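Right, one structure below, let's go through it.
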Amino acid sequence: MIKFYSALVMVVCLLASVPAQAQLRVEVNKGKIEPVPIAISPFYPERPEFAQFAKDIPDIITNNLRGSGLFKPVSPGAFIQDPASIQKDGPRFAEWRAINAQALVSGSVTKAPDGRTRVEFRLWDVFSQKQISGMAYMTTPQNWRRIAHIISDEVYKRITGEDGYFDSRIVYISETGAATSRIKRLAIMDQDGAGHRYLTEEGTLVLTPRFSPTAQEITYMSYKGGKPRVYLYNIDSGRQEVLGDFPGMTFAPRFSPDGNKVVMSMAQSGNTDIFEMDLRSRKSRKLTDAGGIDTAPCYSPDGRNIVFESDRGGTQQLYVMDASGGNARRITFGDGRYANPVWSPRGDLIAFIKMNGGQFYLGVIRPDGSGERLITSAYHVEGPSWSPNGRVLTYFKQNGNSSKIYTIDITGYNERNLPTPRDGSDPAWSPLNQ
């Protein structure tokens with residue numbers, strides 16, 4: 001069976017060597033950043049049947065780059081040079097400079113000899129009049145959206161120096177109904193909200209979905225049969241299975257970085273502790289035993305440590321321990337309570353939710369407890385999750401009976417609502433698709 005997001009896209013050539021030091025570069029490790037003006041031309045269609053793809057692919061690239069907050073796409077109404085001319089003669093750079101574009105994306109959609117669709121793009125530095133990057137992809141027409149996301153990632157990487165995050169998905173809890181009878185279903189979509197579909201049927205309460213490192217499995221908690229248990233869901237086949245039958249309530253599951261283990265919380269005999277299960281042997285072991293509530297565990301990217309929340313010290317705080325369960329040390333000491341810790345894919349930061357003075361805050365802190373920084377706040381904020389490049393966070397805000405999903409840059413700028421068909425909560429960002 002072909003994977004849901006299988007490698008239907010094949011890189012067929014590098015159209016130009018990339019300079020070791022591209023002149024066009026935006027520094028993203030600052031506060032508020034001035035977006036880079038970029039022109040994204042409609043692609044040139046070799047045949048009339050490719051005209052729609054030649055328009056739609058640049059539109060998706062435009063929306064992706066604009067949504068990052070790091071790019072300012074130039075209005076197509078200002079373009080002077082047409083796609084056919086760019087394809088034939090190359091860019092007339094003076095005309096692109098005249099409309100204040102610092103970078104230009106051009107491309108074409110043609111038919112390959114084997115009948116597949118060939119999508120080619122080039123990224124140009126307008127001021128140095130050089131090509132920064134260029135790739136061609138062989139694909140099928142139904143995969144055009146993913147082509148657009150992959151090109152967006154390449155443009156993002158060449159100009160910022162960081163990996164992109166556009167070729168990824170978000171799984172979340174879709175919600176509808178009255179507060180006393182809320183219907184919650186597992187749903188999945190592309191990071192821009194497209195390609196939305198439901199994974200579970202109505203009637204079974206589901207919570208806390210999390211992706212595996214391969215982005216092909218999801219672990220989550222379900223009340224199927226009236227009992228709260230941790231499940232695995234295979235996106236390829238739709239197969240669901242119980243991770244294990246435990247004597248107590250199991251919840252808050254997350255995969256290890258290698259995908260071979262799941263760490264979770266289990267409530268039994270008045271305590272809530274953290275357990276780790278080996279997915280191959282299905283054997284579990286207890287990692288904490290300090291009394292009180294230990295929950296919301298999350299591995300570091302290298303798998304050596306686990307961050308979690310605990311009230312073992314009297315208040316709800318964040319702790320980091322060795323992956324084996326020993327050497328637990330508290331890392332938060334500010335006012336208020338801390339929850340929902342999630343380690344960045346880069347390993348440099350831990351996102352968290354802070355509750356203080358009747359307000360909820362989304363913040364980040366270094367693993368050693370230094371550099372705490374609050375990014376945004378609202379009446380009720382929960383469920384942070386990192387983009388694959390560790391640059392953006394997704395989370396949800398709840399107001400009364402309504403909950404909406406948002407994204408925000410780690411600098412605290414560019415907060416955006418991510419539209420969903422119904423209310424949405426508890427989003428989890430996938431790794432880049434494979």
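Labeling convention for the structure tokens: chains A, B, ... as they appear, residues from 1 per chain, ligands from 1 in order of appearance.
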| Near range 390-399 of chain A, within 7 Å and counting only C-alpha atoms, which residues show up once chain neighbours fewer than 4 positions away are dropped, as a count of residues only? | 21
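All residues within range 93-148 of chain A that the backbone DSSP calculation assigns to strand (DSSP E) are Ala103, Leu104, Val105, Ser106, Gly107, Ser108, Val109, Thr110, Lys111, Thr117, Arg118, Val119, Glu120, Phe121, Arg122, Leu123, Trp124, Asp125, Lys130, Gln131, Ile132, Ser133, Gly134, Met135, Ala136, Tyr137, Met138 and Thr139 of chain A.
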With C-alpha atoms retained, export the selected residues as a compact mmCIF listing (two decimals), in the first residue's frame.
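Listing of again-v8.txt after writing:
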```txt
# COMPACT_ATOMS: atom_id res chain seq x y z
CA ALA A 103 13.59 37.82 -4.90
CA LEU A 104 11.70 36.19 -7.76
CA VAL A 105 10.15 32.74 -8.10
CA SER A 106 9.40 31.51 -11.62
CA GLY A 107 8.52 28.12 -13.03
CA SER A 108 6.85 25.97 -15.62
CA VAL A 109 4.49 22.99 -15.89
CA THR A 110 5.20 20.62 -18.76
CA LYS A 111 4.50 17.04 -19.83
CA THR A 117 3.69 16.10 -15.09
CA ARG A 118 6.99 17.94 -14.74
CA VAL A 119 7.00 20.98 -12.45
CA GLU A 120 10.11 23.16 -12.55
CA PHE A 121 10.90 26.22 -10.47
CA ARG A 122 13.74 28.70 -10.11
CA LEU A 123 14.53 31.17 -7.33
CA TRP A 124 16.34 34.37 -8.34
CA ASP A 125 18.17 37.07 -6.39
CA LYS A 130 21.74 35.32 -9.95
CA GLN A 131 19.81 32.11 -9.62
CA ILE A 132 19.81 30.91 -6.02
CA SER A 133 18.07 27.60 -6.50
CA GLY A 134 16.27 25.54 -9.11
CA MET A 135 14.64 22.13 -9.05
CA ALA A 136 12.33 20.00 -11.17
CA TYR A 137 9.85 17.40 -9.91
CA MET A 138 8.05 14.56 -11.63
CA THR A 139 4.59 13.99 -10.24
```
Would you list the contacts of Pro301 in chain A as a PDB file with N, CA and C atoms, in the first residue's frame, taking every protein, DNA or RNA residue within 12 Å and counting only C-alpha atoms, but skipping same-chain residues closer than 3 positions in sequence?
```
ATOM      1  N   PRO A 213       7.466   9.905  14.745  1.00  0.00           N
ATOM      2  CA  PRO A 213       8.531  10.574  13.993  1.00  0.00           C
ATOM      3  C   PRO A 213       8.444  10.357  12.487  1.00  0.00           C
ATOM      4  N   PHE A 255       5.356   9.802  21.393  1.00  0.00           N
ATOM      5  CA  PHE A 255       6.374   8.906  20.850  1.00  0.00           C
ATOM      6  C   PHE A 255       7.769   9.350  21.262  1.00  0.00           C
ATOM      7  N   SER A 256       8.682   8.381  21.334  1.00  0.00           N
ATOM      8  CA  SER A 256      10.108   8.676  21.470  1.00  0.00           C
ATOM      9  C   SER A 256      10.620   9.149  20.117  1.00  0.00           C
ATOM     10  N   PRO A 257      11.776   9.828  20.069  1.00  0.00           N
ATOM     11  CA  PRO A 257      12.295  10.331  18.795  1.00  0.00           C
ATOM     12  C   PRO A 257      12.546   9.246  17.753  1.00  0.00           C
ATOM     13  N   ASP A 258      12.868   8.023  18.183  1.00  0.00           N
ATOM     14  CA  ASP A 258      13.096   6.945  17.214  1.00  0.00           C
ATOM     15  C   ASP A 258      11.815   6.194  16.866  1.00  0.00           C
ATOM     16  N   GLY A 259      10.718   6.546  17.501  1.00  0.00           N
ATOM     17  CA  GLY A 259       9.435   5.932  17.204  1.00  0.00           C
ATOM     18  C   GLY A 259       9.235   4.553  17.784  1.00  0.00           C
ATOM     19  N   CYS A 298       7.369  14.490  27.690  1.00  0.00           N
ATOM     20  CA  CYS A 298       7.807  14.724  26.305  1.00  0.00           C
ATOM     21  C   CYS A 298       9.309  14.525  26.223  1.00  0.00           C
ATOM     22  N   ARG A 304      17.432  11.575  25.194  1.00  0.00           N
ATOM     23  CA  ARG A 304      18.169  11.368  26.437  1.00  0.00           C
ATOM     24  C   ARG A 304      17.428  11.863  27.678  1.00  0.00           C
ATOM     25  N   ASN A 305      16.494  12.791  27.481  1.00  0.00           N
ATOM     26  CA  ASN A 305      15.793  13.387  28.621  1.00  0.00           C
ATOM     27  C   ASN A 305      14.295  13.441  28.364  1.00  0.00           C
ATOM     28  N   ILE A 306      13.545  13.638  29.425  1.00  0.00           N
ATOM     29  CA  ILE A 306      12.095  13.798  29.351  1.00  0.00           C
ATOM     30  C   ILE A 306      11.716  14.998  30.207  1.00  0.00           C
ATOM     31  N   VAL A 307      10.927  15.909  29.643  1.00  0.00           N
ATOM     32  CA  VAL A 307      10.353  17.002  30.412  1.00  0.00           C
ATOM     33  C   VAL A 307       8.926  16.605  30.777  1.00  0.00           C
ATOM     34  N   ALA A 323      16.010  10.007  30.577  1.00  0.00           N
ATOM     35  CA  ALA A 323      15.010   9.157  29.927  1.00  0.00           C
ATOM     36  C   ALA A 323      14.794   7.849  30.687  1.00  0.00           C
ATOM     37  N   VAL A 342       6.533  20.948  25.989  1.00  0.00           N
ATOM     38  CA  VAL A 342       6.830  20.286  24.715  1.00  0.00           C
ATOM     39  C   VAL A 342       8.212  20.728  24.248  1.00  0.00           C
ATOM     40  N   TRP A 343       9.081  19.761  24.020  1.00  0.00           N
ATOM     41  CA  TRP A 343      10.456  20.052  23.627  1.00  0.00           C
ATOM     42  C   TRP A 343      10.513  20.438  22.156  1.00  0.00           C
ATOM     43  N   SER A 344      11.263  21.495  21.843  1.00  0.00           N
ATOM     44  CA  SER A 344      11.437  21.921  20.455  1.00  0.00           C
ATOM     45  C   SER A 344      12.222  20.883  19.663  1.00  0.00           C
ATOM     46  N   PRO A 345      11.932  20.694  18.360  1.00  0.00           N
ATOM     47  CA  PRO A 345      12.718  19.780  17.526  1.00  0.00           C
ATOM     48  C   PRO A 345      14.196  20.148  17.476  1.00  0.00           C
ATOM     49  N   ARG A 346      14.516  21.414  17.721  1.00  0.00           N
ATOM     50  CA  ARG A 346      15.913  21.849  17.741  1.00  0.00           C
ATOM     51  C   ARG A 346      16.607  21.470  19.043  1.00  0.00           C
ATOM     52  N   GLY A 347      15.816  21.260  20.102  1.00  0.00           N
ATOM     53  CA  GLY A 347      16.373  20.914  21.401  1.00  0.00           C
ATOM     54  C   GLY A 347      16.739  22.099  22.257  1.00  0.00           C
ATOM     55  N   ASP A 348      16.582  23.329  21.726  1.00  0.00           N
ATOM     56  CA  ASP A 348      17.051  24.501  22.455  1.00  0.00           C
ATOM     57  C   ASP A 348      16.014  25.106  23.385  1.00  0.00           C
ATOM     58  N   LEU A 349      14.727  24.801  23.159  1.00  0.00           N
ATOM     59  CA  LEU A 349      13.667  25.416  23.947  1.00  0.00           C
ATOM     60  C   LEU A 349      12.600  24.386  24.322  1.00  0.00           C
ATOM     61  N   ILE A 350      11.878  24.690  25.382  1.00  0.00           N
ATOM     62  CA  ILE A 350      10.707  23.917  25.781  1.00  0.00           C
ATOM     63  C   ILE A 350       9.531  24.883  25.829  1.00  0.00           C
ATOM     64  N   PRO A 367      16.059  24.381  28.401  1.00  0.00           N
ATOM     65  CA  PRO A 367      15.993  23.146  29.200  1.00  0.00           C
ATOM     66  C   PRO A 367      16.635  23.244  30.578  1.00  0.00           C
ATOM     67  N   TRP A 386       5.141  22.159  18.273  1.00  0.00           N
ATOM     68  CA  TRP A 386       6.144  22.830  17.452  1.00  0.00           C
ATOM     69  C   TRP A 386       6.024  22.457  15.981  1.00  0.00           C
ATOM     70  N   PRO A 388       7.942  21.591  12.413  1.00  0.00           N
ATOM     71  CA  PRO A 388       9.114  20.725  12.253  1.00  0.00           C
ATOM     72  C   PRO A 388      10.454  21.443  12.360  1.00  0.00           C
ATOM     73  N   GLY A 390      10.995  24.091  14.360  1.00  0.00           N
ATOM     74  CA  GLY A 390      11.139  24.738  15.650  1.00  0.00           C
ATOM     75  C   GLY A 390      11.004  26.238  15.614  1.00  0.00           C
ATOM     76  N   PRO A 431       6.168  15.898  11.771  1.00  0.00           N
ATOM     77  CA  PRO A 431       7.445  16.178  11.122  1.00  0.00           C
ATOM     78  C   PRO A 431       7.203  16.468   9.648  1.00  0.00           C
TER      79      PRO A 431
END
```
| task | Do a neighbour search on Arg282 in chain A at 10 Å with only C-alpha atoms, toss out local chain neighbours closer than 2 positions, and write the hits as a count of residues only. | result | 10
| said: Could you check the closest approach to Ile57 in chain A for each of A:Asn143, A:Gln102, A:Thr176, A:Ser370 and tell me which residue wins, using only C-alpha atoms? | reply: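 That would be A:Asn143, the residue with the smallest distance to Ile57 in chain A.
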| field | Test item: residues at most 6 Å from Ser174 in chain A, only C-alpha atoms, excluding those fewer than 4 positions along its chain, as a PyMOL selection string | value | chain A and resi 184-185+423-424
How would you write, as a CSV table (one decimal) with C-alpha atoms, in the first residue's frame, the set of residues in range 7-199 of chain A that DSSP gives as helix (DSSP H, G or I)?
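As written to disk, part-v3.csv reads:
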```csv
chain,number,residue,atom,x,y,z
A,48,PRO,CA,-3.7,24.5,-22.0
A,49,GLU,CA,-4.6,21.7,-19.7
A,50,PHE,CA,-1.7,22.8,-17.4
A,51,ALA,CA,-3.0,26.4,-17.1
A,52,GLN,CA,-4.8,25.8,-13.8
A,53,PHE,CA,-1.8,24.1,-12.2
A,54,ALA,CA,0.5,26.9,-13.4
A,55,LYS,CA,-1.7,29.4,-11.5
A,56,ASP,CA,-2.6,27.3,-8.4
A,57,ILE,CA,1.0,26.2,-7.5
A,58,PRO,CA,2.3,29.8,-7.2
A,59,ASP,CA,-0.9,30.8,-5.3
A,60,ILE,CA,-0.1,28.2,-2.6
A,61,ILE,CA,3.6,29.2,-2.5
A,62,THR,CA,2.4,32.9,-2.1
A,63,ASN,CA,0.1,31.9,0.8
A,64,ASN,CA,2.7,29.8,2.5
A,65,LEU,CA,5.4,32.4,2.4
A,66,ARG,CA,3.1,35.3,3.4
A,67,GLY,CA,1.8,33.2,6.3
A,68,SER,CA,5.3,32.7,7.7
A,76,PRO,CA,0.8,40.2,-9.3
A,77,GLY,CA,-0.9,43.3,-10.6
A,78,ALA,CA,2.5,45.0,-10.5
A,83,PRO,CA,5.7,33.9,-17.6
A,84,ALA,CA,6.3,33.0,-21.2
A,85,SER,CA,9.0,35.7,-21.5
A,86,ILE,CA,10.7,34.5,-18.2
A,87,GLN,CA,10.6,30.9,-19.5
A,88,LYS,CA,12.1,31.9,-22.9
A,89,ASP,CA,14.6,34.6,-22.0
A,93,PHE,CA,15.9,42.0,-13.5
A,94,ALA,CA,15.5,45.8,-14.0
A,95,GLU,CA,11.8,45.3,-14.3
A,96,TRP,CA,11.6,43.3,-11.1
A,97,ARG,CA,13.7,45.8,-9.2
A,98,ALA,CA,11.4,48.5,-10.4
A,141,PRO,CA,-1.6,16.0,-11.3
A,142,GLN,CA,-3.4,15.2,-8.1
A,143,ASN,CA,-0.3,15.9,-6.1
A,144,TRP,CA,0.1,19.5,-7.1
A,145,ARG,CA,-0.5,20.9,-3.6
A,146,ARG,CA,2.4,19.0,-2.2
A,147,ILE,CA,4.7,20.2,-5.0
A,148,ALA,CA,3.7,23.8,-4.0
A,149,HIS,CA,4.6,23.0,-0.3
A,150,ILE,CA,8.0,21.5,-1.2
A,151,ILE,CA,8.9,24.5,-3.4
A,152,SER,CA,7.8,26.8,-0.5
A,153,ASP,CA,10.2,24.9,1.8
A,154,GLU,CA,13.1,25.3,-0.6
A,155,VAL,CA,12.5,29.0,-1.1
A,156,TYR,CA,12.2,29.5,2.7
A,157,LYS,CA,15.4,27.6,3.3
A,158,ARG,CA,17.5,29.3,0.7
A,159,ILE,CA,16.5,32.8,1.9
A,160,THR,CA,16.4,32.2,5.7
A,179,ALA,CA,-20.7,22.0,26.4
A,180,THR,CA,-22.5,19.2,28.2
A,181,SER,CA,-22.5,16.8,25.2
```
| request: Name the closest residue to Gly177 in chain A among the candidates A:Asn433, A:Arg422, A:Pro341, A:Gly164; distances are taken between atoms, counting only C-alpha atoms. | output: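 Ranking A:Asn433, A:Arg422, A:Pro341, A:Gly164 by distance to Gly177 in chain A, first place goes to A:Arg422.
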Asp311 in chain A surroundings by only C-alpha atoms, 8 Å radius, close-in-sequence under 2 positions cut, as a short mmCIF file (atom, residue, chain, number, x, y, z; two decimals) with C-alpha atoms, in the first residue's frame:
```cif
data_model
loop_
_atom_site.label_atom_id
_atom_site.label_comp_id
_atom_site.auth_asym_id
_atom_site.auth_seq_id
_atom_site.Cartn_x
_atom_site.Cartn_y
_atom_site.Cartn_z
CA GLY A 292 1.28 13.26 43.54
CA ILE A 293 0.70 13.84 39.85
CA ASP A 294 3.44 13.37 37.23
CA GLU A 309 4.83 18.53 34.77
CA GLY A 313 6.85 20.07 45.20
CA GLY A 314 3.44 21.40 46.20
CA THR A 315 2.63 23.38 43.04
CA GLN A 316 2.34 22.49 39.36
CA GLN A 317 5.84 22.96 37.88
#
```
| message | Which residues are near Gly371 in chain A? Cut-off 12 Å, only C-alpha atoms, ignore same chain within fewer than 6 positions. Put them as a ChimeraX atom specification. | response | /A:331-334,348-351,363-365
Could you take the residues named above and write them with C-alpha atoms, as a short mmCIF file (atom, residue, chain, number, x, y, z; two decimals), in the first residue's frame?
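Dumped to again34.cif:
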```cif
data_model
loop_
_atom_site.label_atom_id
_atom_site.label_comp_id
_atom_site.auth_asym_id
_atom_site.auth_seq_id
_atom_site.Cartn_x
_atom_site.Cartn_y
_atom_site.Cartn_z
CA ILE A 331 13.33 23.97 35.92
CA THR A 332 10.51 26.50 36.61
CA PHE A 333 10.44 28.80 39.62
CA GLY A 334 8.33 31.76 38.48
CA ASP A 348 17.05 24.50 22.46
CA LEU A 349 13.67 25.42 23.95
CA ILE A 350 10.71 23.92 25.78
CA ALA A 351 7.26 25.41 25.15
CA GLY A 363 5.83 30.65 26.77
CA VAL A 364 9.22 29.11 26.09
CA ILE A 365 12.14 28.30 28.39
#
```
| message | Nearest residue to Ala187 in chain A out of A:Arg169, A:Arg366, A:Arg337, A:Arg329, using only C-alpha atoms? | response |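 Looking at the shortest contact to Ala187 in chain A, the residue is A:Arg169.
Residue nearest Gln216 in chain A, chosen from A:Met355, A:Ile188, A:Val230, A:Leu318 and counting only C-alpha atoms: A:Ile188.
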| request: To one decimal in Å, tell me the separation between CA of Leu362 in chain A and CA of Leu418 in chain A. | output: 16.9 Å
